[in-house]
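Down below is the structure, laid out as structure tokens.
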Number of protein chains: 2
Amino acid sequence: MTTVSKHLNGIDVEQLKQTIGAIEEHPELSRFTFRAKSAWTGGTRSRTTVQGFYGAGQEDDSRARPLEMEGDEPPVLLGTNAAPNAVEAILHALASCLSVGFVVNAAARGIEVESLDFDLEGELDLQSFLGLSHDARPGYAGIDVRYRVKADAPREQIEELCSYVQRTSPVMDVLTNPVPVRVRLEG
Amino acid sequence: MTTVSKHLNGIDVEQLKQTIGAIEEHPELSRFTFRAKSAWTGGTRSRTTVQGFYGAGQEDDSRARPLEMEGDEPPVLLGTNAAPNAVEAILHALASCLSVGFVVNAAARGIEVESLDFDLEGELDLQSFLGLSHDARPGYAGIDVRYRVKADAPREQIEELCSYVQRTSPVMDVLTNPVPVRVRLEG
């Protein structure tokens, strides 16, 4: 048996338990609204900033400054390689989400994680984006994720945890199931 | 009428036309495979790198060094605010994709874009992620995008362009329609 210390895998296990307890008592605390602003910065480049969000019953002001993400395309897609492109950012979002899910749930179960890493790959046909075909879907036809875990637990417990993390991952959900997206043009 | 110069909106219009022409002749050139590697870096933090990809009939080696994306969570979600979180990265990916789509298609139509910016918002209930409910979906219940464009074209042409960009955006597609995601645990 692994002993649960206050911090495990860099996660404050006490805070995690308190959060879960608080939401059990007040389910409305689990509602979050995340926000981003993004601006075109020339060519295929754009810059997105995130700062405040609503969650745990209040407006969050923990970020003194906005956090930035940049987007661009490689030269073959008319860009300058200043940053990853949008569909590469999707692969990052998926890995980041599975990583947080794995490590937090491992901490909750008292499993110490030594390392965790991912290889991701997605297949895309640009015919639709370039206006050449309406048969091919514009986005990824499929995404393949392989990951490796070193953790202080039997293999079958790791497998069960991986499967749990996939079922409860926000990004896994928004990729594998439809999300209503409303786009409005202003001004 | 706007005159199409070789570069418009920072986009090489000649290259764009050549790319479209080449893919019309050899449709297999439109097939791309994007890849990412990601590693847990402690707590809720992870680092994703992208470098090579397959596209336009060959392995792309235009990036001399990997491009990085970082993920973390805010303190209320057990992190340290070192970087945007995974669902904020999703909002960035969507804005970045719509931005590229708008500017490239505007260039193809001879429309000069002066500015383009986005406000994005997504609603999320963490009950499922925290294991408290299987009723709420883990990911965004919905995403709202508002955007503003200044461009040298009549309003109705801008509206038609926006609508076209939404229909052909890879990230819009992967969010609004299901993507098969295969996750395999190795080693």
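Ordering of the structure tokens sets the chain letters (A, B, ...); residue numbers start at 1 within each chain; ligands are numbered from 1 in the order shown.
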Could you list, as a ChimeraX atom specification, every residue within 8 Å of Phe53 (chain B), counting only C-alpha atoms and ignoring same-chain residues fewer than 6 positions away?
/B:32-35,59-61
Using DSSP on the backbone coordinates, identify all residues within chain B classified as alpha helix (DSSP H); present the result as a ChimeraX atom specification.
/B:13-25,86-108,155-168,170-176
Who sits within 9 Å of region 154-168 of chain A, only C-alpha atoms, same chain under 5 positions skipped, as a PDB file with C-alpha atoms, in the first residue's frame:
```pdb
ATOM      1  CA  LEU A  98      -5.264  13.202 -20.124  1.00  0.00           C
ATOM      2  CA  SER A  99      -2.118  14.103 -18.177  1.00  0.00           C
ATOM      3  CA  GLY A 101      -6.712  13.526 -15.327  1.00  0.00           C
ATOM      4  CA  PHE A 102      -4.233  10.735 -14.826  1.00  0.00           C
ATOM      5  CA  ASN A 105      -6.854  10.630 -10.108  1.00  0.00           C
ATOM      6  CA  ALA A 106      -3.659   8.743  -9.302  1.00  0.00           C
ATOM      7  CA  VAL A 149       3.201   5.316 -17.565  1.00  0.00           C
ATOM      8  CA  ASP A 173     -15.347  14.223 -24.505  1.00  0.00           C
TER       9      ASP A 173
ATOM     10  CA  SER B 128     -17.945  14.186 -14.073  1.00  0.00           C
ATOM     11  CA  PHE B 129     -14.197  14.926 -14.018  1.00  0.00           C
ATOM     12  CA  LEU B 130     -14.255  14.786 -10.204  1.00  0.00           C
ATOM     13  CA  GLY B 131     -16.178  11.506 -10.232  1.00  0.00           C
ATOM     14  CA  HIS B 134     -22.175  10.490 -14.575  1.00  0.00           C
ATOM     15  CA  ARG B 137     -20.845  15.414 -19.647  1.00  0.00           C
ATOM     16  CA  PRO B 138     -17.121  15.859 -18.830  1.00  0.00           C
ATOM     17  CA  GLY B 139     -16.478  18.484 -21.511  1.00  0.00           C
ATOM     18  CA  VAL B 183      -5.989   5.550 -26.821  1.00  0.00           C
ATOM     19  CA  LEU B 185      -1.431   2.299 -23.000  1.00  0.00           C
TER      20      LEU B 185
END
```
Residues near Leu132 (chain B), anyone? I mean within 8 Å using only C-alpha atoms, not counting same-chain ones fewer than 4 positions away, as a ChimeraX atom specification.
/A:20,24 /B:127-128
